[in-house]
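input.txt follows (compact mmCIF, C-alpha atoms):
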# COMPACT_ATOMS: atom_id res chain seq x y z
CA MET A 68 15.40 17.10 126.20
CA SER A 69 16.07 15.76 122.73
CA SER A 70 12.67 17.01 121.62
CA SER A 71 13.41 20.52 122.88
CA THR A 72 16.83 20.51 121.12
CA ASN A 73 15.14 19.52 117.85
CA TRP A 74 12.56 22.19 118.49
CA SER A 75 15.17 24.95 118.80
CA LYS A 76 17.10 23.58 115.78
CA GLY A 77 13.88 23.77 113.79
CA ARG A 78 13.34 27.35 114.87
CA ILE A 79 16.86 28.29 113.78
CA LEU A 80 16.36 26.55 110.43
CA LEU A 81 13.07 28.39 109.96
CA LEU A 82 14.78 31.70 110.73
CA ILE A 83 17.56 30.96 108.21
CA GLY A 84 15.03 29.88 105.59
CA ARG A 85 12.91 32.97 106.16
CA LEU A 86 15.91 35.29 105.85
CA ALA A 87 17.11 33.48 102.71
CA LEU A 88 13.65 33.82 101.17
CA ALA A 89 13.60 37.53 102.07
CA ALA A 90 17.04 37.94 100.46
CA ILE A 91 15.82 36.28 97.25
CA PHE A 92 12.86 38.64 96.93
CA LEU A 93 14.93 41.70 97.83
CA ALA A 94 17.62 40.77 95.30
CA ALA A 95 14.96 40.22 92.62
CA ALA A 96 13.42 43.63 93.33
CA TYR A 97 16.85 45.29 93.37
CA GLY A 98 17.70 43.76 89.98
CA LYS A 99 14.54 45.17 88.44
CA LEU A 100 14.55 48.60 90.08
CA SER A 101 18.24 49.57 90.08
CA PRO A 102 19.39 51.87 87.25
CA LEU A 103 20.13 50.05 84.01
CA THR A 104 23.24 52.08 83.39
CA ALA A 105 24.86 51.30 86.74
CA LYS A 106 26.93 48.22 87.44
CA GLN A 107 25.00 45.80 89.62
CA TRP A 108 25.77 45.70 93.35
CA THR A 109 27.72 48.98 93.36
CA LEU A 110 26.98 52.26 95.12
CA SER A 111 25.96 53.86 91.83
CA SER A 112 23.27 51.21 91.42
CA LEU A 113 21.62 52.52 94.60
CA LYS A 114 21.23 56.03 93.15
CA VAL A 115 17.65 55.53 92.07
CA THR A 116 15.75 58.45 90.55
CA PRO A 117 12.14 58.50 89.30
CA ALA A 118 13.44 58.60 85.71
CA SER A 119 15.85 55.70 86.23
CA LEU A 120 13.08 53.71 87.96
CA GLU A 121 10.71 54.25 85.05
CA LEU A 122 13.40 53.26 82.55
CA SER A 123 14.28 50.11 84.50
CA MET A 124 10.63 49.07 84.71
CA MET A 125 10.11 49.79 81.00
CA PHE A 126 13.09 47.60 80.21
CA PHE A 127 11.69 44.89 82.47
CA ALA A 128 8.39 45.22 80.60
CA MET A 129 10.21 44.48 77.32
CA GLN A 130 11.85 41.44 78.89
CA LEU A 131 8.49 40.30 80.24
CA SER A 132 7.01 40.71 76.79
CA SER A 133 9.69 38.43 75.33
CA TYR A 134 8.23 35.53 77.36
CA GLN A 135 5.29 35.72 74.92
CA MET A 136 2.77 34.72 77.57
CA LEU A 137 0.93 37.88 78.52
CA PRO A 138 -1.53 39.92 76.45
CA ALA A 139 0.00 43.22 75.33
CA TRP A 140 -2.21 45.29 77.66
CA ALA A 141 -1.08 43.32 80.74
CA VAL A 142 2.68 43.53 80.22
CA SER A 143 3.27 47.10 81.39
CA PRO A 144 1.03 46.98 84.53
CA ILE A 145 2.62 43.70 85.65
CA ALA A 146 6.14 44.98 84.95
CA HIS A 147 5.40 48.11 86.98
CA SER A 148 3.93 46.25 89.95
CA LEU A 149 5.93 43.00 90.25
CA PRO A 150 9.19 44.60 91.52
CA TRP A 151 7.23 46.42 94.26
CA VAL A 152 5.44 43.21 95.24
CA GLU A 153 8.83 41.50 95.50
CA LEU A 154 10.27 44.36 97.53
CA SER A 155 7.28 44.34 99.93
CA LEU A 156 7.44 40.56 100.31
CA GLY A 157 11.16 40.75 101.03
CA ILE A 158 10.72 43.40 103.73
CA LEU A 159 7.74 41.61 105.31
CA LEU A 160 9.64 38.32 105.34
CA LEU A 161 12.49 40.06 107.14
CA THR A 162 10.09 41.15 109.90
CA GLY A 163 8.66 37.64 110.21
CA LEU A 164 5.12 38.92 110.77
CA GLY A 165 2.31 36.68 109.48
CA LEU A 166 4.87 34.20 108.21
CA ARG A 167 2.31 31.50 107.35
CA TYR A 168 0.39 33.78 104.99
CA LEU A 169 3.50 35.41 103.58
CA GLY A 170 4.95 31.93 103.06
CA ILE A 171 1.88 30.88 101.06
CA ILE A 172 2.05 34.02 98.88
CA ALA A 173 5.82 33.67 98.37
CA THR A 174 5.55 29.95 97.52
CA LEU A 175 2.73 30.53 95.04
CA LEU A 176 4.72 33.33 93.40
CA LEU A 177 7.86 31.18 93.23
CA ALA A 178 5.84 28.26 91.81
CA LEU A 179 4.49 30.60 89.12
CA PHE A 180 7.97 31.89 88.28
CA TRP A 181 9.31 28.35 88.11
CA ALA A 182 6.52 27.22 85.79
CA VAL A 183 7.16 30.19 83.48
CA ILE A 184 10.90 29.52 83.45
CA ILE A 185 10.39 25.80 82.70
CA ARG A 186 8.02 26.65 79.84
CA SER A 187 10.39 29.21 78.31
CA TYR A 188 13.35 26.87 78.64
CA ALA A 189 11.42 23.97 77.11
CA LEU A 190 10.34 26.18 74.18
CA HIS A 191 13.99 27.25 73.62
CA LEU A 192 12.93 30.89 73.64
CA GLY A 193 16.54 31.98 74.16
CA ILE A 194 15.50 35.06 76.08
CA ASN A 195 16.97 36.93 79.00
CA CYS A 196 15.42 35.82 82.27
CA GLY A 197 15.12 39.29 83.79
CA CYS A 198 14.77 37.61 87.20
CA PHE A 199 17.64 39.29 89.07
CA GLY A 200 18.80 41.85 86.53
CA PRO A 201 18.57 42.97 82.94
CA ASN A 202 21.27 40.80 81.37
CA GLU A 203 20.72 37.30 82.65
CA LYS A 204 20.40 34.38 80.23
CA LEU A 205 17.69 31.81 80.79
CA THR A 206 19.70 28.62 81.19
CA GLY A 207 19.20 25.14 82.63
CA TRP A 208 20.98 26.33 85.76
CA ARG A 209 18.34 29.06 86.17
CA VAL A 210 15.60 26.39 85.96
CA LEU A 211 17.29 24.39 88.74
CA GLU A 212 17.85 27.51 90.83
CA ASP A 213 14.22 28.55 90.56
CA GLY A 214 13.19 25.02 91.55
CA GLY A 215 15.40 25.39 94.62
CA PHE A 216 13.77 28.72 95.48
CA PHE A 217 10.33 27.12 95.21
CA ALA A 218 11.45 24.25 97.48
CA LEU A 219 12.78 26.78 99.99
CA GLY A 220 9.50 28.70 99.94
CA LEU A 221 7.55 25.50 100.47
CA ALA A 222 9.82 24.42 103.32
CA VAL A 223 9.51 27.81 105.05
CA THR A 224 5.71 27.74 104.70
CA ILE A 225 5.44 24.20 106.08
CA GLY A 226 7.86 25.13 108.85
CA ALA A 227 5.83 28.23 109.71
CA PHE A 228 2.62 26.20 109.96
CA PHE A 229 4.37 23.48 111.97
CA TYR A 230 5.93 26.04 114.34
CA HIS A 231 2.61 27.82 114.80
CA ARG A 232 0.77 24.55 115.55
CA ARG A 233 3.48 23.39 117.98
CA HIS A 234 3.45 26.79 119.68
CA ARG A 235 -0.34 26.60 120.06
CA VAL A 236 -0.18 23.04 121.48
CA ASP A 237 2.54 24.09 123.93
CA ALA A 238 0.56 27.14 125.00
CA SER A 239 -2.65 25.14 125.59
CA ALA A 240 -0.71 22.40 127.48
CA PHE A 241 0.84 25.12 129.65
CA ALA A 242 -2.59 26.65 130.29
CA GLN A 243 -4.01 23.23 131.23
CA THR A 244 -1.09 22.61 133.63
CA GLU A 245 -1.68 26.03 135.19
CA VAL A 246 -5.41 25.32 135.62
CA SER A 247 -4.86 21.83 137.12
CA SER A 248 -2.15 23.07 139.53
CA SER A 249 -4.35 25.90 140.78
CA MET B 285 90.92 32.81 93.79
CA ALA B 286 89.65 29.89 91.73
CA GLN B 287 86.12 30.86 92.64
CA SER B 288 86.83 34.41 91.52
CA SER B 289 88.21 33.27 88.14
CA ARG B 290 85.19 31.01 87.63
CA CYS B 291 83.08 34.01 88.36
CA ILE B 292 84.92 36.11 85.82
CA ASP B 293 84.69 33.31 83.28
CA ARG B 294 80.97 33.11 83.70
CA ARG B 295 80.57 36.83 83.25
CA ASN B 296 82.77 36.62 80.17
CA SER B 297 80.63 33.85 78.80
CA LEU B 298 77.56 36.03 79.30
CA GLY B 299 79.28 38.83 77.44
CA GLU B 300 78.56 41.35 80.18
CA ASN B 301 82.17 42.34 80.55
CA ARG B 302 82.31 43.38 76.95
CA LEU B 303 80.04 46.35 77.68
CA PRO B 304 81.77 49.48 78.95
CA ARG B 305 80.87 50.37 82.54
CA ASN B 306 78.92 53.49 81.47
CA LEU B 307 76.79 51.49 79.05
CA ARG B 308 76.20 48.79 81.67
CA ARG B 309 74.71 51.44 83.91
CA LEU B 310 72.40 52.47 81.13
CA ARG B 311 71.24 48.89 80.46
CA PRO B 312 68.00 49.15 82.55
CA ILE B 313 67.13 52.32 80.64
CA PHE B 314 67.71 50.49 77.32
CA ILE B 315 65.48 47.63 78.46
CA ALA B 316 62.76 50.00 79.65
CA ALA B 317 62.96 52.03 76.43
CA THR B 318 62.76 48.88 74.27
CA SER B 319 59.79 47.61 76.27
CA LEU B 320 58.08 50.97 75.92
CA ALA B 321 58.76 51.01 72.18
CA ILE B 322 57.33 47.49 71.79
CA THR B 323 54.25 48.38 73.85
CA PHE B 324 53.80 51.59 71.87
CA GLY B 325 54.12 49.61 68.64
CA PHE B 326 51.45 47.17 69.79
CA LEU B 327 49.18 50.02 70.83
CA VAL B 328 49.59 51.79 67.49
CA ALA B 329 48.94 48.52 65.64
CA SER B 330 45.87 47.73 67.72
CA GLN B 331 44.60 51.30 67.34
CA GLY B 332 45.05 50.90 63.61
CA ALA B 333 43.14 47.63 63.67
CA MET B 334 40.44 49.22 65.81
CA ALA B 335 40.19 52.16 63.45
CA GLN B 336 39.95 49.73 60.54
CA ASN B 337 37.23 47.78 62.38
CA ALA B 338 35.41 51.01 63.13
CA ALA B 339 35.64 52.01 59.47
CA THR B 340 34.29 48.60 58.40
CA GLU B 341 31.58 48.89 61.03
CA THR B 342 30.58 52.35 59.80
CA LYS B 343 30.50 51.11 56.23
CA LEU B 344 28.41 48.10 57.24
CA ALA B 345 26.08 50.22 59.31
CA ALA B 346 25.65 52.78 56.55
CA GLU B 347 24.74 50.17 53.96
CA LYS B 348 22.13 48.36 56.00
CA SER B 349 20.69 51.12 58.08
CA LEU B 350 17.81 53.51 58.02
CA GLY B 351 17.59 57.04 59.36
CA ASN B 352 20.00 59.63 60.56
CA SER B 353 23.24 58.23 61.99
CA SER B 354 23.37 61.11 64.50
CA ALA B 355 19.92 60.29 65.91
CA PRO B 356 19.86 60.12 69.74
CA ILE B 357 18.84 56.46 69.78
CA LYS B 358 20.58 53.69 67.89
CA LEU B 359 18.76 50.39 67.49
CA ILE B 360 20.74 47.40 66.22
CA VAL B 361 18.59 44.47 65.13
CA TYR B 362 19.99 41.00 64.50
CA ASP B 363 17.65 39.33 62.03
CA ASP B 364 17.16 36.14 60.09
CA TYR B 365 14.98 36.71 57.02
CA GLU B 366 13.39 33.29 57.24
CA CYS B 367 12.59 33.33 60.94
CA PRO B 368 8.83 33.85 61.44
CA ALA B 369 9.37 35.80 64.67
CA CYS B 370 11.66 38.18 62.74
CA GLY B 371 8.96 38.62 60.10
CA GLN B 372 6.43 39.39 62.80
CA PHE B 373 8.82 41.77 64.56
CA TYR B 374 9.50 43.55 61.28
CA GLU B 375 5.85 43.91 60.31
CA GLN B 376 4.45 44.77 63.73
CA THR B 377 7.26 46.74 65.38
CA LEU B 378 9.93 47.85 62.92
CA ARG B 379 7.52 49.07 60.23
CA PRO B 380 5.75 51.54 62.55
CA LEU B 381 9.16 52.49 63.96
CA ILE B 382 10.55 53.20 60.47
CA ASP B 383 7.48 55.22 59.54
CA THR B 384 7.63 57.36 62.67
CA TYR B 385 10.74 57.58 64.85
CA VAL B 386 13.24 56.71 62.10
CA ALA B 387 11.58 59.14 59.69
CA GLU B 388 11.57 61.85 62.39
CA GLY B 389 15.30 61.41 63.06
CA LYS B 390 14.84 60.06 66.59
CA VAL B 391 16.10 56.55 65.89
CA TYR B 392 18.91 55.22 63.75
CA LEU B 393 18.02 51.65 62.78
CA VAL B 394 20.88 49.29 61.95
CA HIS B 395 20.28 45.85 60.54
CA ARG B 396 22.69 42.97 61.10
CA ASP B 397 22.39 39.56 59.54
CA PHE B 398 22.28 36.54 61.73
CA PRO B 399 21.05 33.72 59.46
CA LEU B 400 20.40 30.68 61.61
CA THR B 401 21.62 27.41 60.16
CA GLY B 402 18.29 25.80 61.03
CA HIS B 403 16.62 27.94 58.38
CA GLN B 404 17.41 26.53 54.96
CA TYR B 405 17.04 29.71 52.88
CA SER B 406 18.02 32.38 55.38
CA ARG B 407 21.63 32.78 54.19
CA GLN B 408 20.51 33.05 50.59
CA ALA B 409 18.02 35.78 51.58
CA ALA B 410 20.74 37.62 53.48
CA ARG B 411 22.93 37.51 50.34
CA TRP B 412 20.18 39.14 48.24
CA VAL B 413 19.63 41.86 50.83
CA ASN B 414 23.36 42.57 51.14
CA ALA B 415 23.72 42.76 47.37
CA ALA B 416 20.82 45.23 47.27
CA ALA B 417 22.37 47.19 50.14
CA ARG B 418 25.51 47.62 48.05
CA ILE B 419 23.50 49.66 45.53
CA GLY B 420 21.57 51.53 48.22
CA LYS B 421 18.39 49.48 47.95
CA PHE B 422 18.48 47.76 51.33
CA GLU B 423 15.12 49.00 52.58
CA ALA B 424 13.16 47.98 49.46
CA VAL B 425 14.55 44.44 49.33
CA GLU B 426 14.32 43.88 53.07
CA ARG B 427 10.69 44.91 52.95
CA ALA B 428 10.01 42.71 49.91
CA LEU B 429 11.50 39.63 51.56
CA PHE B 430 9.73 40.12 54.88
CA ASP B 431 6.42 41.00 53.21
CA ASN B 432 6.60 37.79 51.16
CA GLN B 433 8.29 35.60 53.76
CA MET B 434 5.55 32.99 53.66
CA ALA B 435 5.83 32.77 49.89
CA TRP B 436 9.49 31.75 49.77
CA SER B 437 10.37 30.37 53.19
CA GLU B 438 10.05 26.76 54.25
CA TYR B 439 7.36 27.82 56.73
CA GLY B 440 5.08 29.06 53.97
CA SER B 441 2.52 26.98 52.15
CA GLU B 442 2.39 28.89 48.88
CA ASN B 443 5.71 28.09 47.24
CA PRO B 444 8.16 27.00 49.87
CA GLN B 445 11.15 26.44 47.61
CA GLY B 446 13.43 29.22 48.65
CA ILE B 447 12.81 31.09 45.40
CA MET B 448 13.16 34.72 46.40
CA LYS B 449 14.57 36.18 43.18
CA PRO B 450 11.15 37.25 41.78
CA PHE B 451 10.38 39.19 44.94
CA VAL B 452 13.72 40.99 44.80
CA GLN B 453 13.14 41.73 41.11
CA ALA B 454 9.68 43.12 41.80
CA ALA B 455 11.08 45.47 44.46
CA LEU B 456 13.70 47.00 42.14
CA ALA B 457 13.85 48.87 38.87
CA PRO B 458 15.19 46.69 35.99
CA ALA B 459 18.57 48.47 35.93
CA GLU B 460 18.92 48.13 39.70
CA PHE B 461 18.04 44.46 39.58
CA LYS B 462 20.72 43.91 36.93
CA ARG B 463 23.32 45.46 39.25
CA VAL B 464 22.13 43.32 42.15
CA GLU B 465 22.20 40.21 39.96
CA ALA B 466 25.77 41.03 38.97
CA LEU B 467 26.73 41.29 42.64
CA MET B 468 25.03 37.96 43.27
CA GLN B 469 27.38 36.14 40.88
CA GLY B 470 28.65 33.12 42.78
CA CYS B 471 26.21 33.74 45.64
CA GLU B 472 23.08 31.88 44.58
CA SER B 473 23.32 28.98 46.96
CA ASN B 474 21.49 27.88 50.10
CA ASP B 475 24.82 26.91 51.63
CA HIS B 476 25.32 28.44 55.07
CA ASP B 477 29.11 28.37 54.78
CA GLU B 478 30.96 31.38 53.40
CA LEU B 479 31.21 31.05 49.62
CA LYS B 480 34.61 31.95 48.23
CA GLY B 481 33.34 33.58 45.05
CA CYS B 482 30.50 35.47 46.70
CA ALA B 483 31.21 39.20 47.10
CA VAL B 484 28.67 39.82 49.86
CA ASP B 485 29.45 36.81 52.06
CA PRO B 486 32.35 38.43 53.99
CA GLU B 487 29.96 41.14 55.20
CA ILE B 488 27.41 38.58 56.36
CA GLN B 489 30.19 36.69 58.07
CA ARG B 490 31.28 39.86 59.91
CA ASN B 491 27.69 40.43 61.06
CA ILE B 492 27.47 36.86 62.36
CA ALA B 493 30.81 37.25 64.16
CA SER B 494 29.66 40.45 65.87
CA GLY B 495 26.44 38.68 66.95
CA GLU B 496 28.35 35.71 68.30
CA LEU B 497 30.45 38.04 70.43
CA LEU B 498 27.40 39.29 72.33
CA PRO B 499 26.47 36.33 72.26
CA ILE B 500 23.26 35.95 70.28
CA SER B 501 21.67 32.57 69.78
CA TYR B 502 18.15 33.49 68.70
CA THR B 503 16.55 36.02 66.41
CA PRO B 504 15.28 38.65 66.47
CA THR B 505 17.55 40.20 69.08
CA PHE B 506 17.94 43.92 69.40
CA ILE B 507 20.24 46.29 71.27
CA VAL B 508 19.43 49.87 72.12
CA SER B 509 22.07 52.57 72.61
CA CYS B 510 21.31 56.10 73.72
CA LYS B 511 23.46 58.99 74.89
CA GLY B 512 26.56 56.85 75.19
CA THR B 513 24.86 54.00 77.05
CA THR B 514 24.25 50.59 75.54
CA TYR B 515 21.46 48.55 77.12
CA PRO B 516 21.43 44.75 77.38
CA PRO B 517 20.13 42.79 74.38
CA VAL B 518 16.46 41.86 74.20
CA SER B 519 15.50 38.69 72.34
CA ARG B 520 12.29 37.62 70.62
CA GLY B 521 11.19 41.11 69.77
CA VAL B 522 8.70 43.33 71.50
CA ALA B 523 5.45 45.05 70.60
CA TRP B 524 5.75 48.54 69.12
CA PRO B 525 3.78 50.35 71.90
CA LEU B 526 6.21 48.98 74.53
CA LEU B 527 9.30 49.85 72.50
CA LYS B 528 7.86 53.30 71.84
CA GLN B 529 7.33 53.87 75.58
CA PHE B 530 10.93 52.82 76.23
CA PHE B 531 12.22 55.16 73.52
CA ASP B 532 10.09 58.04 74.84
CA GLN B 533 11.53 57.49 78.28
CA LEU B 534 15.07 57.44 76.86
CA LEU B 535 14.45 60.62 74.86
CA SER B 536 13.06 62.41 77.90
CA GLN B 537 16.15 61.63 79.98
CA LYS B 538 18.76 64.30 80.43
CA GLN B 539 22.29 63.80 79.15
CA PRO B 540 24.31 62.14 81.95

Could you take the file, read its structure, and then write that structure out as structure tokens?
Amino acid sequence: MSSSTNWSKGRILLLIGRLALAAIFLAAAYGKLSPLTAKQWTLSSLKVTPASLELSMMFFAMQLSSYQMLPAWAVSPIAHSLPWVELSLGILLLTGLGLRYLGIIATLLLALFWAVIIRSYALHLGINCGCFGPNEKLTGWRVLEDGGFFALGLAVTIGAFFYHRRHRVDASAFAQTEVSSS
Amino acid sequence: MAQSSRCIDRRNSLGENRLPRNLRRLRPIFIAATSLAITFGFLVASQGAMAQNAATETKLAAEKSLGNSSAPIKLIVYDDYECPACGQFYEQTLRPLIDTYVAEGKVYLVHRDFPLTGHQYSRQAARWVNAAARIGKFEAVERALFDNQMAWSEYGSENPQGIMKPFVQAALAPAEFKRVEALMQGCESNDHDELKGCAVDPEIQRNIASGELLPISYTPTFIVSCKGTTYPPVSRGVAWPLLKQFFDQLLSQKQP
């Protein structure tokens, strides 16, 4: 009884974690793709046009370049693809399909972001983060927040694997019971 | 009755009874009119101050700027002449920008000083550039100081003693240099504080104050404005091809 209660609590926690992770990726994509001229989180920021998209991604490319990590030729392609990767990950995490694999991808991406943020903070680059919007200072708080996101990603991935394994064990135990009873 | 007399006494003490009844009725209107007059006075004063600030700003921008002030894009760059990243940004991004988009009237480039206290000679360099800007020789002296940054800055190995005067002299005609030298009277110091006798220090101080408002903590930091929209600041510079792409995109956008 207690085991089954824990089991359902775990499932709820995994659901909350998955939705939170999806929200993080969707917010990050929104911050990079919404028009630069609009105020964030307003209706006008949802009026995306091809020109405003291009401008937002160009601006993100400049912010990415200020990290001084990527070769010049790689900045623009990464800036143009990363927001879409984040958007796709966010949507897929909402559906919950293939959570183990999505969890691995999301955790690796969050680990990479965290490492980049730690490096930039340690080097006192004094740049804008560009993580959730165009005007966001890279502060110590941002480093902690990104660490939290990484921990969440890791927890969701471990939870997804644990849930999958438990589900498989339960299913095989049920099958064995069915076979022995028949 | 006693209560009534106390009441009358109090009103007398407040002086309200001294006003005729007609005037008493008009009292709220007097108060409202006075408040309006005071508010209007404040507004006029603040408008005056704003206009004065705008005039100072225009003067500052005109002295240390390149290109046509009515160009569609305005680029404000906060620089420190001794910062190596600023030198790199100038040589690799601003130089091609000046030669192309500024020359073609597409970009109006405004320089603002933000000498960081961690750089020993940066304030002194800013003073030389501001003195040159006063006689219309901003571009020549800025270029001379950035081109020879390693020769005078503490990061260089050639002659890192903060001696930038020869480079300024080489960039100007003898008569021009004399005028700049005259403006530099009381300014030749590495002190980062505002010097009382230095004519160009108030301008540098205004530039620093405008940077601190943003706020800026590192250089180079630049801000792009186009068609009435100002975009968030970008620190640490950016490669010219990326900035060019951004400008092209801005120029291709329709007026909102």

**Request:** Please determine the contact residues of chain B with respect to chain A at a cut-off of 12 Å, counting only C-alpha atoms, and supply them as JSON, numbers by chain.
**Result:** {"B": [369, 373, 498, 499, 500, 501, 502, 503, 504, 505, 506, 507, 508, 509, 510, 511, 512, 513, 514, 515, 516, 517, 518, 519, 520, 521, 522, 523, 524, 525, 526, 527, 528, 529, 530, 531, 532, 533, 534, 535, 536, 537, 538, 540]}

Could those residues be written to a file, using C-alpha atoms, as a CSV table (one decimal), in the coordinates of the input?
chain,number,residue,atom,x,y,z
B,369,ALA,CA,9.4,35.8,64.7
B,373,PHE,CA,8.8,41.8,64.6
B,498,LEU,CA,27.4,39.3,72.3
B,499,PRO,CA,26.5,36.3,72.3
B,500,ILE,CA,23.3,36.0,70.3
B,501,SER,CA,21.7,32.6,69.8
B,502,TYR,CA,18.2,33.5,68.7
B,503,THR,CA,16.6,36.0,66.4
B,504,PRO,CA,15.3,38.6,66.5
B,505,THR,CA,17.6,40.2,69.1
B,506,PHE,CA,17.9,43.9,69.4
B,507,ILE,CA,20.2,46.3,71.3
B,508,VAL,CA,19.4,49.9,72.1
B,509,SER,CA,22.1,52.6,72.6
B,510,CYS,CA,21.3,56.1,73.7
B,511,LYS,CA,23.5,59.0,74.9
B,512,GLY,CA,26.6,56.8,75.2
B,513,THR,CA,24.9,54.0,77.0
B,514,THR,CA,24.2,50.6,75.5
B,515,TYR,CA,21.5,48.6,77.1
B,516,PRO,CA,21.4,44.8,77.4
B,517,PRO,CA,20.1,42.8,74.4
B,518,VAL,CA,16.5,41.9,74.2
B,519,SER,CA,15.5,38.7,72.3
B,520,ARG,CA,12.3,37.6,70.6
B,521,GLY,CA,11.2,41.1,69.8
B,522,VAL,CA,8.7,43.3,71.5
B,523,ALA,CA,5.4,45.0,70.6
B,524,TRP,CA,5.8,48.5,69.1
B,525,PRO,CA,3.8,50.4,71.9
B,526,LEU,CA,6.2,49.0,74.5
B,527,LEU,CA,9.3,49.8,72.5
B,528,LYS,CA,7.9,53.3,71.8
B,529,GLN,CA,7.3,53.9,75.6
B,530,PHE,CA,10.9,52.8,76.2
B,531,PHE,CA,12.2,55.2,73.5
B,532,ASP,CA,10.1,58.0,74.8
B,533,GLN,CA,11.5,57.5,78.3
B,534,LEU,CA,15.1,57.4,76.9
B,535,LEU,CA,14.4,60.6,74.9
B,536,SER,CA,13.1,62.4,77.9
B,537,GLN,CA,16.2,61.6,80.0
B,538,LYS,CA,18.8,64.3,80.4
B,540,PRO,CA,24.3,62.1,82.0

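If you look at atom CA of Ala387 of chain B and atom CA of Asn352 of chain B, they are 8.5 Å away from each other.
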
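Atom CA of Tyr439 of chain B is positioned 18.0 Å from atom CA of His476 of chain B.
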
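Distance-wise, atom CA of Val183 of chain A and atom CA of Leu497 of chain B end up 27.8 Å apart.
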
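Ranking B:Tyr392, B:Trp412, B:Phe398, B:Phe451 by their shortest atom-to-atom distance to Asp431 of chain B, with only C-alpha atoms included, puts B:Phe451 first.
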
Would you mind putting N, CA, C and O atoms back on segment 478-489 of chain B and writing the result as an mmCIF file, keeping the file's coordinate frame?
data_model
loop_
_atom_site.group_PDB
_atom_site.id
_atom_site.type_symbol
_atom_site.label_atom_id
_atom_site.label_comp_id
_atom_site.auth_asym_id
_atom_site.auth_seq_id
_atom_site.Cartn_x
_atom_site.Cartn_y
_atom_site.Cartn_z
ATOM 1 N N GLU B 478 30.537 30.232 54.202
ATOM 2 C CA GLU B 478 30.960 31.380 53.400
ATOM 3 C C GLU B 478 31.422 30.885 52.033
ATOM 4 O O GLU B 478 32.291 30.012 51.938
ATOM 5 N N LEU B 479 30.847 31.444 50.982
ATOM 6 C CA LEU B 479 31.210 31.050 49.620
ATOM 7 C C LEU B 479 32.387 31.897 49.155
ATOM 8 O O LEU B 479 32.349 33.124 49.301
ATOM 9 N N LYS B 480 33.380 31.227 48.596
ATOM 10 C CA LYS B 480 34.610 31.950 48.230
ATOM 11 C C LYS B 480 34.372 32.993 47.131
ATOM 12 O O LYS B 480 34.913 34.081 47.173
ATOM 13 N N GLY B 481 33.542 32.660 46.173
ATOM 14 C CA GLY B 481 33.340 33.580 45.050
ATOM 15 C C GLY B 481 32.234 34.599 45.276
ATOM 16 O O GLY B 481 31.916 35.369 44.370
ATOM 17 N N CYS B 482 31.656 34.593 46.449
ATOM 18 C CA CYS B 482 30.500 35.470 46.700
ATOM 19 C C CYS B 482 30.970 36.785 47.345
ATOM 20 O O CYS B 482 31.533 36.795 48.441
ATOM 21 N N ALA B 483 30.695 37.891 46.646
ATOM 22 C CA ALA B 483 31.210 39.200 47.100
ATOM 23 C C ALA B 483 30.582 39.680 48.393
ATOM 24 O O ALA B 483 31.204 40.459 49.122
ATOM 25 N N VAL B 484 29.355 39.275 48.673
ATOM 26 C CA VAL B 484 28.670 39.820 49.860
ATOM 27 C C VAL B 484 28.831 38.943 51.108
ATOM 28 O O VAL B 484 28.502 39.374 52.216
ATOM 29 N N ASP B 485 29.345 37.727 50.917
ATOM 30 C CA ASP B 485 29.450 36.810 52.060
ATOM 31 C C ASP B 485 30.371 37.309 53.195
ATOM 32 O O ASP B 485 30.036 37.110 54.367
ATOM 33 N N PRO B 486 31.513 37.950 52.876
ATOM 34 C CA PRO B 486 32.350 38.430 53.990
ATOM 35 C C PRO B 486 31.606 39.383 54.935
ATOM 36 O O PRO B 486 31.814 39.358 56.136
ATOM 37 N N GLU B 487 30.725 40.204 54.362
ATOM 38 C CA GLU B 487 29.960 41.140 55.200
ATOM 39 C C GLU B 487 29.001 40.378 56.115
ATOM 40 O O GLU B 487 28.860 40.703 57.302
ATOM 41 N N ILE B 488 28.344 39.390 55.552
ATOM 42 C CA ILE B 488 27.410 38.580 56.360
ATOM 43 C C ILE B 488 28.190 37.895 57.480
ATOM 44 O O ILE B 488 27.754 37.857 58.629
ATOM 45 N N GLN B 489 29.355 37.393 57.106
ATOM 46 C CA GLN B 489 30.190 36.690 58.070
ATOM 47 C C GLN B 489 30.598 37.631 59.222
ATOM 48 O O GLN B 489 30.614 37.224 60.377
#
